[in-house]
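K.L.:
The following block contains the structure, expressed as structure tokens.
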Amino acid sequence: MSMLNFASIREIQDLLAKKIVSIDDVVDFYIDRFKKYDGKIGAALEVFDKRSILEFSQSLSGSLCGIPGLIKDNICMKGRIASCASKILEHYQAPYTATVIERVMQAGGLCIGRGNMDEFAMGTSNETSAFQQTHNPWNYDRVAGGSSGGPVAAVAAGLVPWAFGSETGGSVRLPAAFCGVVGSKPTYGLVSRFGLIAYASSLDQVGVVTRTVYDNALVLSVIAGHDHRDATSLPVAQVDFTKDLTGKIRPGLKIGIIENAFHAAGIDPEISQALEVVMRQFEQLGAILVPVRLPSMDYSAATYFIMSRAEAASNLARFDGIRYGTRSKQARNLEEVYELSRAQGFGHEVKLRVLMGNYVLSVGHAAEYYQRARDVQNLMRAEFMQRFEEVDLLLSPVAAGQAFGFNAFGDNATQMDLQDYFTCSANLVGIPAVAVPCGFTKNKMPIGFQLMGPALSEGLIFQTAYAYEQITAWHMHHPQLAI
Ligand code: GLN
């Protein structure tokens, strides 16, 4: 089955169509890869048994027929645990299935298991998971990135050809860049949040992880489109995002180069150099590069910090040991049920964020923090919209540096939060973005670039990224895995 090693969805589909492999072979192959390699990587919290994996499929002809993926553990699959990598939901069984999973099932796709993540998607390195660390397949001494580290590491290591992560501030794109795979964050409202356990509802979206741009467009086509069960779902029909992947870019395409982002303090020169090459390649493809400034971006991480904590504090109130969450056995009265269940169930980072969220919303502070953050968010929206009158897409790095080591920042939490600098604007503004591999550092760690576009420009983003992918070979590299 060596032809399945690091295969893309498209390649697997081809092997299935030619009857060189069967769906049974595919499932056996990936279960076996998890057994062999995941002990050292730590991408999955659970791999299901073969029979239940096969039972996901509800179609023998859909566009994901027989193709298994790993699901971040904040996305509900009926009857299965959805722990959010938190002790408080360690035994929580989802009572229903998320829309994105239903659509995968209707397309014949398979879910192979549950992916590790930062607790409640709060983190940048998967180190806040209550259960295990996820190691970067390119160097096991480094993090895979977060918060969708498990799903992303699994795709990078060829343990699955696709995975679902979730995005609130960059949680699919950042690990994708750290691990050398493609990660997308759709327009807010394009993909249903029904069955996605909330972190910050006005920013959250399910995001897709794959080895190639084509595959990413394919999976997004399956899950995008209106869902009446999500009040923030946009009234748009399902679209086939693969149809404009011609290998060419749109004639006259203007790509804005975010100058202040390229010169941001602390950016690793190896990343800037790789991005310079990307610019030349886009020029080769016929794009017109336009330098632009987005001063509001410099405030994005701070704004994201406040908005995400505020919404997290509200969303996580439901985990009280009564409505949701494991109830503390030591509690002797109602007050203690709340206090002890939350004290014992939540990890340090989650507690910090809930505290911070309540603080920025509290009387006396809301005007100073929350309201100002909202004002800046509105400014950012206006500024981005204005830029998109001048250019079609925006190009930037995904991260300022390469994947870092475990406990790299010690107690310097701000340093960790600044990792979101390039990514969280897209969430705050509600626009789509994709991270695409574009090289390696001298010590062989992956580098990625990011393309952002106006709302509902997924088709154009994929078309442009695909054209780039066709003239480069970064997506064909894969790590050497240790057993
Ligand atoms: N790193 C960001 C955070 O910790 C992003 C998280 C996310 O997108 N879920 O909040």
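We label chains A, B, ... in the order they appear in the structure tokens, count residues from 1 in each chain, and number ligands from 1 in the order shown.
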Residues within 9 Å of ligand 1, counting only C-alpha atoms and all ligand atoms: report them as a VMD selection string.
P.N.:
chain A and resid 118 120 to 125 145 to 148 165 to 174 199 to 200 203 to 205 304 to 305 308 to 309 416 to 420 423 to 424 427
K.L.:
How would the residues just picked look written out with C-alpha atoms as a PDB file, in the first residue's frame?
P.N.:
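Printed below is result.pdb as written:
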```pdb
ATOM      1  CA  ASP A 118      -5.587  23.191  22.946  1.00  0.00           C
ATOM      2  CA  PHE A 120     -11.367  24.708  24.262  1.00  0.00           C
ATOM      3  CA  ALA A 121      -9.223  25.853  21.299  1.00  0.00           C
ATOM      4  CA  MET A 122      -7.420  28.333  23.551  1.00  0.00           C
ATOM      5  CA  GLY A 123      -3.798  28.244  22.608  1.00  0.00           C
ATOM      6  CA  THR A 124      -1.182  28.321  19.913  1.00  0.00           C
ATOM      7  CA  SER A 125       0.856  25.207  20.590  1.00  0.00           C
ATOM      8  CA  GLY A 145       1.169  24.764  16.613  1.00  0.00           C
ATOM      9  CA  GLY A 146      -2.356  25.240  17.827  1.00  0.00           C
ATOM     10  CA  SER A 147      -5.029  25.132  18.623  1.00  0.00           C
ATOM     11  CA  SER A 148      -5.794  22.559  15.906  1.00  0.00           C
ATOM     12  CA  GLY A 165      -9.785  22.105  12.745  1.00  0.00           C
ATOM     13  CA  SER A 166     -11.475  25.220  14.042  1.00  0.00           C
ATOM     14  CA  GLU A 167     -10.465  28.841  13.727  1.00  0.00           C
ATOM     15  CA  THR A 168     -11.035  31.693  16.130  1.00  0.00           C
ATOM     16  CA  GLY A 169      -7.790  33.579  15.623  1.00  0.00           C
ATOM     17  CA  GLY A 170      -5.592  31.420  13.399  1.00  0.00           C
ATOM     18  CA  SER A 171      -5.844  27.955  14.869  1.00  0.00           C
ATOM     19  CA  VAL A 172      -5.847  26.173  11.528  1.00  0.00           C
ATOM     20  CA  ARG A 173      -3.519  28.446   9.566  1.00  0.00           C
ATOM     21  CA  LEU A 174      -0.765  28.787  12.147  1.00  0.00           C
ATOM     22  CA  TYR A 199     -15.017  29.471  22.052  1.00  0.00           C
ATOM     23  CA  ALA A 200     -15.767  32.985  20.725  1.00  0.00           C
ATOM     24  CA  LEU A 203     -15.089  34.637  15.337  1.00  0.00           C
ATOM     25  CA  ASP A 204     -15.368  30.809  15.264  1.00  0.00           C
ATOM     26  CA  GLN A 205     -15.417  28.845  12.007  1.00  0.00           C
ATOM     27  CA  TYR A 304      -8.497  39.729  19.390  1.00  0.00           C
ATOM     28  CA  PHE A 305      -7.250  39.206  22.919  1.00  0.00           C
ATOM     29  CA  SER A 308     -12.048  36.402  22.356  1.00  0.00           C
ATOM     30  CA  ARG A 309     -11.790  36.466  26.157  1.00  0.00           C
ATOM     31  CA  MET A 416       2.642  33.465  22.715  1.00  0.00           C
ATOM     32  CA  ASP A 417      -0.373  35.712  22.088  1.00  0.00           C
ATOM     33  CA  LEU A 418       1.610  37.723  19.534  1.00  0.00           C
ATOM     34  CA  GLN A 419       1.844  34.592  17.393  1.00  0.00           C
ATOM     35  CA  ASP A 420      -1.677  35.489  16.249  1.00  0.00           C
ATOM     36  CA  THR A 423      -3.853  35.501  11.366  1.00  0.00           C
ATOM     37  CA  CYS A 424      -6.414  36.984  13.755  1.00  0.00           C
ATOM     38  CA  ASN A 427     -11.275  36.361  12.048  1.00  0.00           C
TER      39      ASN A 427
END
```
K.L.:
Give me the residues near Ala237 (chain A) as a ChimeraX atom specification, where near means some atom within 10 Å (using only C-alpha atoms) and where sequence neighbours in that chain fewer than 2 positions away do not count.
P.N.:
/A:190,224-227,234-235,239-240
K.L.:
Restricting the output to all heavy atoms, write the selected residues as an mmCIF file, in the first residue's frame.
P.N.:
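Below is the file that was written, part39.cif:
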```
data_model
loop_
_atom_site.group_PDB
_atom_site.id
_atom_site.type_symbol
_atom_site.label_atom_id
_atom_site.label_comp_id
_atom_site.auth_asym_id
_atom_site.auth_seq_id
_atom_site.Cartn_x
_atom_site.Cartn_y
_atom_site.Cartn_z
ATOM 1 N N LEU A 190 -19.940 31.126 6.323
ATOM 2 C CA LEU A 190 -20.000 30.250 5.141
ATOM 3 C C LEU A 190 -20.182 28.792 5.561
ATOM 4 O O LEU A 190 -20.835 28.006 4.872
ATOM 5 C CB LEU A 190 -18.712 30.390 4.301
ATOM 6 C CG LEU A 190 -18.675 29.513 3.046
ATOM 7 C CD1 LEU A 190 -19.723 29.975 2.029
ATOM 8 C CD2 LEU A 190 -17.298 29.506 2.397
ATOM 9 N N ALA A 224 -19.471 23.800 2.954
ATOM 10 C CA ALA A 224 -19.929 25.200 2.908
ATOM 11 C C ALA A 224 -21.398 25.278 2.498
ATOM 12 O O ALA A 224 -21.947 24.328 1.950
ATOM 13 C CB ALA A 224 -19.068 25.984 1.920
ATOM 14 N N GLY A 225 -22.009 26.407 2.772
ATOM 15 C CA GLY A 225 -23.384 26.629 2.335
ATOM 16 C C GLY A 225 -24.345 26.707 3.503
ATOM 17 O O GLY A 225 -24.075 26.206 4.600
ATOM 18 N N HIS A 226 -25.462 27.361 3.252
ATOM 19 C CA HIS A 226 -26.400 27.718 4.317
ATOM 20 C C HIS A 226 -26.896 26.524 5.145
ATOM 21 O O HIS A 226 -27.110 25.434 4.626
ATOM 22 C CB HIS A 226 -27.614 28.435 3.703
ATOM 23 C CG HIS A 226 -28.583 28.873 4.741
ATOM 24 N ND1 HIS A 226 -29.803 28.270 4.927
ATOM 25 C CD2 HIS A 226 -28.476 29.827 5.700
ATOM 26 C CE1 HIS A 226 -30.429 28.851 5.946
ATOM 27 N NE2 HIS A 226 -29.645 29.795 6.423
ATOM 28 N N ASP A 227 -27.044 26.783 6.439
ATOM 29 C CA ASP A 227 -27.601 25.780 7.353
ATOM 30 C C ASP A 227 -28.591 26.496 8.273
ATOM 31 O O ASP A 227 -28.200 27.395 9.023
ATOM 32 C CB ASP A 227 -26.460 25.149 8.166
ATOM 33 C CG ASP A 227 -26.982 24.177 9.210
ATOM 34 O OD1 ASP A 227 -28.124 23.689 9.054
ATOM 35 O OD2 ASP A 227 -26.245 23.903 10.181
ATOM 36 N N LEU A 234 -24.686 32.165 6.497
ATOM 37 C CA LEU A 234 -25.013 33.054 5.370
ATOM 38 C C LEU A 234 -25.955 32.348 4.399
ATOM 39 O O LEU A 234 -25.838 31.132 4.192
ATOM 40 C CB LEU A 234 -23.737 33.448 4.618
ATOM 41 C CG LEU A 234 -22.744 34.329 5.378
ATOM 42 C CD1 LEU A 234 -21.449 34.474 4.570
ATOM 43 C CD2 LEU A 234 -23.348 35.699 5.651
ATOM 44 N N PRO A 235 -26.857 33.105 3.788
ATOM 45 C CA PRO A 235 -27.801 32.481 2.843
ATOM 46 C C PRO A 235 -27.147 32.231 1.485
ATOM 47 O O PRO A 235 -27.502 32.843 0.495
ATOM 48 C CB PRO A 235 -28.928 33.517 2.740
ATOM 49 C CG PRO A 235 -28.254 34.819 3.048
ATOM 50 C CD PRO A 235 -27.109 34.543 3.963
ATOM 51 N N VAL A 239 -21.161 25.646 -3.260
ATOM 52 C CA VAL A 239 -20.433 25.958 -4.495
ATOM 53 C C VAL A 239 -19.327 24.930 -4.654
ATOM 54 O O VAL A 239 -18.789 24.448 -3.660
ATOM 55 C CB VAL A 239 -19.700 27.327 -4.362
ATOM 56 C CG1 VAL A 239 -19.188 27.813 -5.692
ATOM 57 C CG2 VAL A 239 -20.564 28.358 -3.688
ATOM 58 N N ASP A 240 -18.961 24.643 -5.895
ATOM 59 C CA ASP A 240 -17.821 23.756 -6.118
ATOM 60 C C ASP A 240 -16.570 24.616 -6.281
ATOM 61 O O ASP A 240 -16.326 25.199 -7.338
ATOM 62 C CB ASP A 240 -18.066 22.905 -7.365
ATOM 63 C CG ASP A 240 -16.866 22.013 -7.656
ATOM 64 O OD1 ASP A 240 -15.909 22.013 -6.849
ATOM 65 O OD2 ASP A 240 -16.891 21.315 -8.691
#
```
K.L.:
Between CA of Ala313 (chain A) and CA of Ser202 (chain A), measure the distance and give it in Å to one decimal.
P.N.:
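So the two atoms, CA of Ala313 (chain A) and CA of Ser202 (chain A), lie 13.2 Å apart.
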K.L.:
Write out as JSON, numbers by chain which residues come within 12 Å of Asp28 (chain A) when counting only C-alpha atoms, dropping same-chain ones fewer than 3 positions away.
P.N.:
{"A": [1, 4, 21, 22, 23, 24, 25, 31, 32, 33, 34, 35, 47, 48, 49, 50, 51, 53, 54, 66, 67, 68, 112, 159, 160]}
K.L.:
Save the residues we just selected, N, CA and C atoms, as an mmCIF file, in the first residue's frame?
P.N.:
```
data_model
loop_
_atom_site.group_PDB
_atom_site.id
_atom_site.type_symbol
_atom_site.label_atom_id
_atom_site.label_comp_id
_atom_site.auth_asym_id
_atom_site.auth_seq_id
_atom_site.Cartn_x
_atom_site.Cartn_y
_atom_site.Cartn_z
ATOM 1 N N MET A 1 0.830 -1.216 0.000
ATOM 2 C CA MET A 1 0.000 0.000 0.000
ATOM 3 C C MET A 1 0.858 1.259 0.000
ATOM 4 N N LEU A 4 -0.168 4.736 -1.010
ATOM 5 C CA LEU A 4 -1.001 5.614 -0.169
ATOM 6 C C LEU A 4 -0.169 6.504 0.759
ATOM 7 N N VAL A 21 -6.891 0.195 -5.176
ATOM 8 C CA VAL A 21 -7.142 -0.037 -3.745
ATOM 9 C C VAL A 21 -8.661 -0.010 -3.517
ATOM 10 N N SER A 22 -9.078 -0.626 -2.398
ATOM 11 C CA SER A 22 -10.495 -0.580 -2.019
ATOM 12 C C SER A 22 -10.635 0.351 -0.812
ATOM 13 N N ILE A 23 -11.868 0.714 -0.498
ATOM 14 C CA ILE A 23 -12.096 1.568 0.679
ATOM 15 C C ILE A 23 -11.575 0.858 1.925
ATOM 16 N N ASP A 24 -11.773 -0.452 1.950
ATOM 17 C CA ASP A 24 -11.263 -1.261 3.055
ATOM 18 C C ASP A 24 -9.750 -1.106 3.224
ATOM 19 N N ASP A 25 -9.042 -1.174 2.104
ATOM 20 C CA ASP A 25 -7.567 -1.007 2.146
ATOM 21 C C ASP A 25 -7.207 0.363 2.693
ATOM 22 N N ILE A 31 -5.543 3.403 9.681
ATOM 23 C CA ILE A 31 -5.579 2.931 11.080
ATOM 24 C C ILE A 31 -4.171 2.468 11.463
ATOM 25 N N ASP A 32 -3.561 1.768 10.533
ATOM 26 C CA ASP A 32 -2.223 1.248 10.772
ATOM 27 C C ASP A 32 -1.189 2.362 10.947
ATOM 28 N N ARG A 33 -1.335 3.434 10.168
ATOM 29 C CA ARG A 33 -0.390 4.570 10.297
ATOM 30 C C ARG A 33 -0.499 5.201 11.682
ATOM 31 N N PHE A 34 -1.730 5.347 12.155
ATOM 32 C CA PHE A 34 -1.884 5.894 13.510
ATOM 33 C C PHE A 34 -1.187 4.983 14.520
ATOM 34 N N LYS A 35 -1.396 3.661 14.377
ATOM 35 C CA LYS A 35 -0.784 2.710 15.320
ATOM 36 C C LYS A 35 0.725 2.838 15.299
ATOM 37 N N VAL A 47 -8.724 6.866 18.091
ATOM 38 C CA VAL A 47 -8.941 6.375 16.728
ATOM 39 C C VAL A 47 -10.060 5.342 16.841
ATOM 40 N N PHE A 48 -11.115 5.502 16.060
ATOM 41 C CA PHE A 48 -12.272 4.609 16.172
ATOM 42 C C PHE A 48 -11.929 3.242 15.592
ATOM 43 N N ASP A 49 -12.794 2.246 15.898
ATOM 44 C CA ASP A 49 -12.557 0.928 15.299
ATOM 45 C C ASP A 49 -13.047 0.937 13.857
ATOM 46 N N LYS A 50 -12.532 -0.016 13.100
ATOM 47 C CA LYS A 50 -12.774 0.012 11.658
ATOM 48 C C LYS A 50 -14.260 0.026 11.308
ATOM 49 N N ARG A 51 -15.048 -0.783 12.016
ATOM 50 C CA ARG A 51 -16.468 -0.853 11.673
ATOM 51 C C ARG A 51 -17.153 0.500 11.845
ATOM 52 N N ILE A 53 -15.771 3.387 11.773
ATOM 53 C CA ILE A 53 -15.273 4.354 10.769
ATOM 54 C C ILE A 53 -16.068 4.183 9.469
ATOM 55 N N LEU A 54 -16.241 2.941 9.052
ATOM 56 C CA LEU A 54 -16.939 2.686 7.787
ATOM 57 C C LEU A 54 -18.406 3.101 7.862
ATOM 58 N N GLY A 66 -15.201 7.256 0.852
ATOM 59 C CA GLY A 66 -14.159 6.355 1.348
ATOM 60 C C GLY A 66 -12.901 7.048 1.825
ATOM 61 N N ILE A 67 -12.944 8.378 1.972
ATOM 62 C CA ILE A 67 -11.731 9.119 2.352
ATOM 63 C C ILE A 67 -11.815 9.531 3.830
ATOM 64 N N PRO A 68 -10.929 9.004 4.670
ATOM 65 C CA PRO A 68 -11.010 9.298 6.102
ATOM 66 C C PRO A 68 -10.336 10.606 6.512
ATOM 67 N N ILE A 112 -12.154 9.202 11.116
ATOM 68 C CA ILE A 112 -11.302 8.146 11.662
ATOM 69 C C ILE A 112 -11.107 8.291 13.166
ATOM 70 N N LEU A 159 -1.073 10.737 8.320
ATOM 71 C CA LEU A 159 -1.914 9.798 9.072
ATOM 72 C C LEU A 159 -3.352 9.852 8.568
ATOM 73 N N VAL A 160 -3.689 10.949 7.927
ATOM 74 C CA VAL A 160 -4.971 11.140 7.229
ATOM 75 C C VAL A 160 -4.741 12.145 6.103
#
```
K.L.:
Using only C-alpha atoms, determine which residues lie at most 10 Å from Phe56 (chain A), disregarding the query and same-chain residues fewer than 4 positions distant; provide the list as a list in words.
P.N.:
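Counting only C-alpha atoms, the residues come to Arg51, Ser52, Gly66, Pro68, Met77, Ile101, Glu102, Val104, Met105, Gln106, Ala107, Gly108, Gly109, Leu110, Cys111 and Ile112 of chain A.
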K.L.:
May I have the residues from that selection written out with C-alpha atoms, as a CSV table (one decimal), in the first residue's frame?
P.N.:
```csv
chain,number,residue,atom,x,y,z
A,51,ARG,CA,-16.5,-0.9,11.7
A,52,SER,CA,-17.5,2.4,13.1
A,66,GLY,CA,-14.2,6.4,1.3
A,68,PRO,CA,-11.0,9.3,6.1
A,77,MET,CA,-20.3,13.4,16.4
A,101,ILE,CA,-19.9,16.1,9.9
A,102,GLU,CA,-23.3,15.3,8.4
A,104,VAL,CA,-19.1,14.8,5.1
A,105,MET,CA,-21.1,11.6,5.8
A,106,GLN,CA,-23.5,12.5,3.0
A,107,ALA,CA,-20.5,12.9,0.7
A,108,GLY,CA,-19.4,9.4,1.6
A,109,GLY,CA,-16.5,10.6,3.8
A,110,LEU,CA,-15.3,8.8,6.9
A,111,CYS,CA,-14.2,10.1,10.3
A,112,ILE,CA,-11.3,8.1,11.7
```
K.L.:
Just want the 10 Å neighbourhood of Gln480 (chain A), counted on only C-alpha atoms, with same-chain residues fewer than 6 positions away dropped. Output as a PyMOL selection string.
P.N.:
chain A and resi 137-139+157
K.L.:
Just write the chosen residues, all heavy atoms, as a PDB file, in the first residue's frame.
P.N.:
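Okay, part.pdb is ready:
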```pdb
ATOM      1  N   PRO A 137       5.575  16.822  13.318  1.00  0.00           N
ATOM      2  CA  PRO A 137       6.144  15.683  12.588  1.00  0.00           C
ATOM      3  C   PRO A 137       7.505  15.984  11.948  1.00  0.00           C
ATOM      4  O   PRO A 137       8.256  15.063  11.654  1.00  0.00           O
ATOM      5  CB  PRO A 137       5.108  15.384  11.512  1.00  0.00           C
ATOM      6  CG  PRO A 137       3.849  16.006  11.995  1.00  0.00           C
ATOM      7  CD  PRO A 137       4.247  17.185  12.835  1.00  0.00           C
ATOM      8  N   TRP A 138       7.831  17.273  11.757  1.00  0.00           N
ATOM      9  CA  TRP A 138       9.117  17.628  11.139  1.00  0.00           C
ATOM     10  C   TRP A 138      10.233  17.654  12.167  1.00  0.00           C
ATOM     11  O   TRP A 138      11.420  17.632  11.804  1.00  0.00           O
ATOM     12  CB  TRP A 138       9.026  19.000  10.460  1.00  0.00           C
ATOM     13  CG  TRP A 138       8.144  18.963   9.259  1.00  0.00           C
ATOM     14  CD1 TRP A 138       6.811  19.230   9.217  1.00  0.00           C
ATOM     15  CD2 TRP A 138       8.516  18.616   7.927  1.00  0.00           C
ATOM     16  NE1 TRP A 138       6.330  19.071   7.951  1.00  0.00           N
ATOM     17  CE2 TRP A 138       7.361  18.701   7.138  1.00  0.00           C
ATOM     18  CE3 TRP A 138       9.731  18.243   7.321  1.00  0.00           C
ATOM     19  CZ2 TRP A 138       7.369  18.422   5.769  1.00  0.00           C
ATOM     20  CZ3 TRP A 138       9.732  17.979   5.959  1.00  0.00           C
ATOM     21  CH2 TRP A 138       8.571  18.065   5.203  1.00  0.00           C
ATOM     22  N   ASN A 139       9.876  17.781  13.419  1.00  0.00           N
ATOM     23  CA  ASN A 139      10.877  17.777  14.490  1.00  0.00           C
ATOM     24  C   ASN A 139      10.111  17.573  15.792  1.00  0.00           C
ATOM     25  O   ASN A 139       9.378  18.462  16.233  1.00  0.00           O
ATOM     26  CB  ASN A 139      11.628  19.116  14.505  1.00  0.00           C
ATOM     27  CG  ASN A 139      12.652  19.168  15.629  1.00  0.00           C
ATOM     28  OD1 ASN A 139      12.601  18.387  16.576  1.00  0.00           O
ATOM     29  ND2 ASN A 139      13.577  20.105  15.529  1.00  0.00           N
ATOM     30  N   ALA A 157       1.783  14.349   8.833  1.00  0.00           N
ATOM     31  CA  ALA A 157       2.466  13.060   8.972  1.00  0.00           C
ATOM     32  C   ALA A 157       1.857  11.989   8.072  1.00  0.00           C
ATOM     33  O   ALA A 157       2.253  10.825   8.124  1.00  0.00           O
ATOM     34  CB  ALA A 157       2.403  12.618  10.436  1.00  0.00           C
TER      35      ALA A 157
END
```
K.L.:
Between A:Asn378, A:Gln93, A:Ser457, A:Ser8, which has the minimum distance to Val213 (chain A) (counting only C-alpha atoms)?
P.N.:
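The closest residue to Val213 (chain A) is A:Ser8.
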K.L.:
Among region 91-337 of chain A, which ones does DSSP assign to helix (DSSP H, G or I) (computed from the backbone)? Answer as a PyMOL selection string.
P.N.:
chain A and resi 99-106+119-121+149-156+173-179+213-223+259-262+269-284+295-318+334-337
K.L.:
Point out the residue among A:Cys84, A:Leu334, A:Ala435, A:Ala163 with the least atom-to-atom distance to Val100 (chain A), counting only C-alpha atoms.
P.N.:
A:Ala163
K.L.:
Using only C-alpha atoms, which residue out of A:Ala366, A:Val208, A:Ile306, A:Leu456 lies closest to Val354 (chain A)?
P.N.:
A:Ile306
K.L.:
What is the distance, in Å and to one decimal place, between CA of Ser57 (chain A) and CA of Asn5 (chain A)?
P.N.:
22.6 Å
K.L.:
Tell me which protein, DNA and RNA residues are within 12 Å of Gly459 (chain A), counting only C-alpha atoms, leaving out same-chain ones fewer than 2 positions away, and put them as a short mmCIF file (atom, residue, chain, number, x, y, z; two decimals) with N, CA and C atoms, in the first residue's frame.
P.N.:
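Okay, this is what ended up in out_34.cif:
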```cif
data_model
loop_
_atom_site.label_atom_id
_atom_site.label_comp_id
_atom_site.auth_asym_id
_atom_site.auth_seq_id
_atom_site.Cartn_x
_atom_site.Cartn_y
_atom_site.Cartn_z
N PRO A 186 -12.61 29.84 6.45
CA PRO A 186 -13.61 30.41 5.53
C PRO A 186 -14.19 31.73 6.01
N THR A 187 -14.89 32.40 5.12
CA THR A 187 -15.67 33.60 5.46
C THR A 187 -16.58 33.27 6.64
N VAL A 213 -3.89 22.37 -2.15
CA VAL A 213 -4.93 23.38 -2.31
C VAL A 213 -6.18 22.76 -2.93
N TYR A 214 -5.98 21.89 -3.92
CA TYR A 214 -7.14 21.24 -4.57
C TYR A 214 -7.98 20.52 -3.52
N ASN A 216 -8.16 20.98 -0.38
CA ASN A 216 -8.78 21.91 0.55
C ASN A 216 -10.08 22.47 -0.05
N ALA A 217 -9.98 22.85 -1.33
CA ALA A 217 -11.16 23.38 -2.03
C ALA A 217 -12.25 22.32 -2.09
N LEU A 218 -11.83 21.08 -2.30
CA LEU A 218 -12.79 19.97 -2.40
C LEU A 218 -13.55 19.78 -1.08
N LEU A 220 -13.85 21.90 1.43
CA LEU A 220 -14.66 23.07 1.77
C LEU A 220 -15.96 23.08 0.96
N SER A 221 -15.89 22.62 -0.28
CA SER A 221 -17.10 22.57 -1.12
C SER A 221 -18.16 21.66 -0.50
N ALA A 224 -19.47 23.80 2.95
CA ALA A 224 -19.93 25.20 2.91
C ALA A 224 -21.40 25.28 2.50
N GLN A 238 -24.41 25.91 -1.85
CA GLN A 238 -23.13 25.20 -1.92
C GLN A 238 -22.49 25.47 -3.28
N VAL A 239 -21.16 25.65 -3.26
CA VAL A 239 -20.43 25.96 -4.49
C VAL A 239 -19.33 24.93 -4.65
N ASP A 240 -18.96 24.64 -5.90
CA ASP A 240 -17.82 23.76 -6.12
C ASP A 240 -16.57 24.62 -6.28
N PHE A 241 -15.77 24.70 -5.22
CA PHE A 241 -14.59 25.56 -5.25
C PHE A 241 -13.45 24.98 -6.11
N THR A 242 -13.61 23.75 -6.58
CA THR A 242 -12.52 23.18 -7.40
C THR A 242 -12.65 23.59 -8.87
N LYS A 243 -13.81 24.17 -9.21
CA LYS A 243 -14.06 24.33 -10.65
C LYS A 243 -13.19 25.41 -11.33
N ASP A 244 -12.69 26.36 -10.55
CA ASP A 244 -11.85 27.38 -11.17
C ASP A 244 -10.36 27.13 -10.98
N LEU A 245 -10.02 25.93 -10.56
CA LEU A 245 -8.60 25.62 -10.36
C LEU A 245 -7.99 25.21 -11.69
N THR A 246 -7.55 26.22 -12.42
CA THR A 246 -7.06 25.97 -13.78
C THR A 246 -5.54 25.94 -13.83
N ILE A 249 -3.87 32.27 -12.90
CA ILE A 249 -4.54 33.23 -12.02
C ILE A 249 -5.45 34.13 -12.86
N ARG A 250 -6.33 34.83 -12.20
CA ARG A 250 -7.26 35.72 -12.92
C ARG A 250 -6.44 36.83 -13.61
N ASP A 392 -7.20 42.73 -5.07
CA ASP A 392 -8.11 41.58 -4.99
C ASP A 392 -7.83 40.72 -3.76
N LEU A 393 -6.54 40.54 -3.48
CA LEU A 393 -6.15 39.67 -2.36
C LEU A 393 -5.01 40.34 -1.60
N PRO A 432 -12.17 35.37 4.44
CA PRO A 432 -11.49 34.10 4.27
C PRO A 432 -9.98 34.26 4.11
N ALA A 433 -9.25 33.21 4.47
CA ALA A 433 -7.79 33.22 4.34
C ALA A 433 -7.31 31.79 4.24
N VAL A 434 -6.16 31.65 3.59
CA VAL A 434 -5.58 30.31 3.48
C VAL A 434 -4.08 30.38 3.74
N MET A 452 -5.31 36.46 1.98
CA MET A 452 -6.63 36.83 2.51
C MET A 452 -7.40 37.50 1.38
N GLY A 453 -8.71 37.38 1.41
CA GLY A 453 -9.53 38.04 0.39
C GLY A 453 -10.80 38.58 1.01
N PRO A 454 -11.58 39.35 0.26
CA PRO A 454 -12.85 39.85 0.79
C PRO A 454 -13.83 38.72 1.06
N ALA A 455 -14.89 39.02 1.79
CA ALA A 455 -15.88 37.99 2.13
C ALA A 455 -16.31 37.22 0.88
N LEU A 456 -16.40 35.93 1.03
CA LEU A 456 -16.85 35.01 -0.02
C LEU A 456 -15.94 34.97 -1.25
N SER A 457 -14.66 35.26 -1.05
CA SER A 457 -13.73 35.18 -2.18
C SER A 457 -12.95 33.86 -2.16
N ILE A 461 -9.31 32.87 -3.92
CA ILE A 461 -8.15 32.53 -3.08
C ILE A 461 -7.61 31.14 -3.50
N PHE A 462 -8.51 30.18 -3.62
CA PHE A 462 -8.07 28.83 -4.00
C PHE A 462 -7.46 28.84 -5.41
N GLN A 463 -8.08 29.56 -6.32
CA GLN A 463 -7.56 29.61 -7.70
C GLN A 463 -6.12 30.14 -7.70
N THR A 464 -5.89 31.18 -6.93
CA THR A 464 -4.58 31.82 -6.89
C THR A 464 -3.56 30.91 -6.20
N ALA A 465 -3.96 30.34 -5.07
CA ALA A 465 -3.05 29.46 -4.33
C ALA A 465 -2.74 28.21 -5.14
N TYR A 466 -3.73 27.73 -5.87
CA TYR A 466 -3.53 26.53 -6.69
C TYR A 466 -2.51 26.80 -7.80
#
```
K.L.:
What parts of region 33-237 of chain A does DSSP call strand (DSSP E or B)? I'd like the answer as a VMD selection string.
P.N.:
chain A and resid 44 to 47 68 to 72 75 81 93 110 to 115 135 to 136 139 to 143 162 to 167 182 to 185 191 196 205 to 210 224
K.L.:
Could you check how far CA of Pro291 (chain A) sits from CA of Ile257 (chain A), in Å to one decimal?
P.N.:
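We find that CA of Pro291 (chain A) and CA of Ile257 (chain A) lie 4.7 Å from each other.
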K.L.:
May I ask which of the residues A:Glu127, A:Asp215, A:Glu458, A:Asp411 is the closest one to Gly69 (chain A), counting only C-alpha atoms?
P.N.:
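Ranked by minimum distance to Gly69 (chain A), first place goes to A:Asp215.
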K.L.:
Which residues come within 9 Å of Ala482 (chain A), counting only C-alpha atoms, excluding same-chain residues fewer than 5 positions away, as a list in words?
P.N.:
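Once the nearby chain positions are removed, what remains is Tyr37, Lys40, Pro137 and Tyr140 of chain A.
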K.L.:
Each residue of region 194-278 of chain A lying at most 12 Å from region 150-153 of chain A should get a row with its shortest atom-to-atom pair and the distance in Å to one decimal, counting only C-alpha atoms; could you produce that, ordered by chain and increasing number, as a tab-separated table?
P.N.:
```
residue	atom	partner	partner_atom	distance
A:Val206	CA	A:Pro151	CA	12.0
A:Gly207	CA	A:Pro151	CA	10.4
A:Val208	CA	A:Val152	CA	9.2
A:Val209	CA	A:Val152	CA	6.2
A:Thr210	CA	A:Val152	CA	8.1
A:Arg211	CA	A:Val152	CA	9.7
```
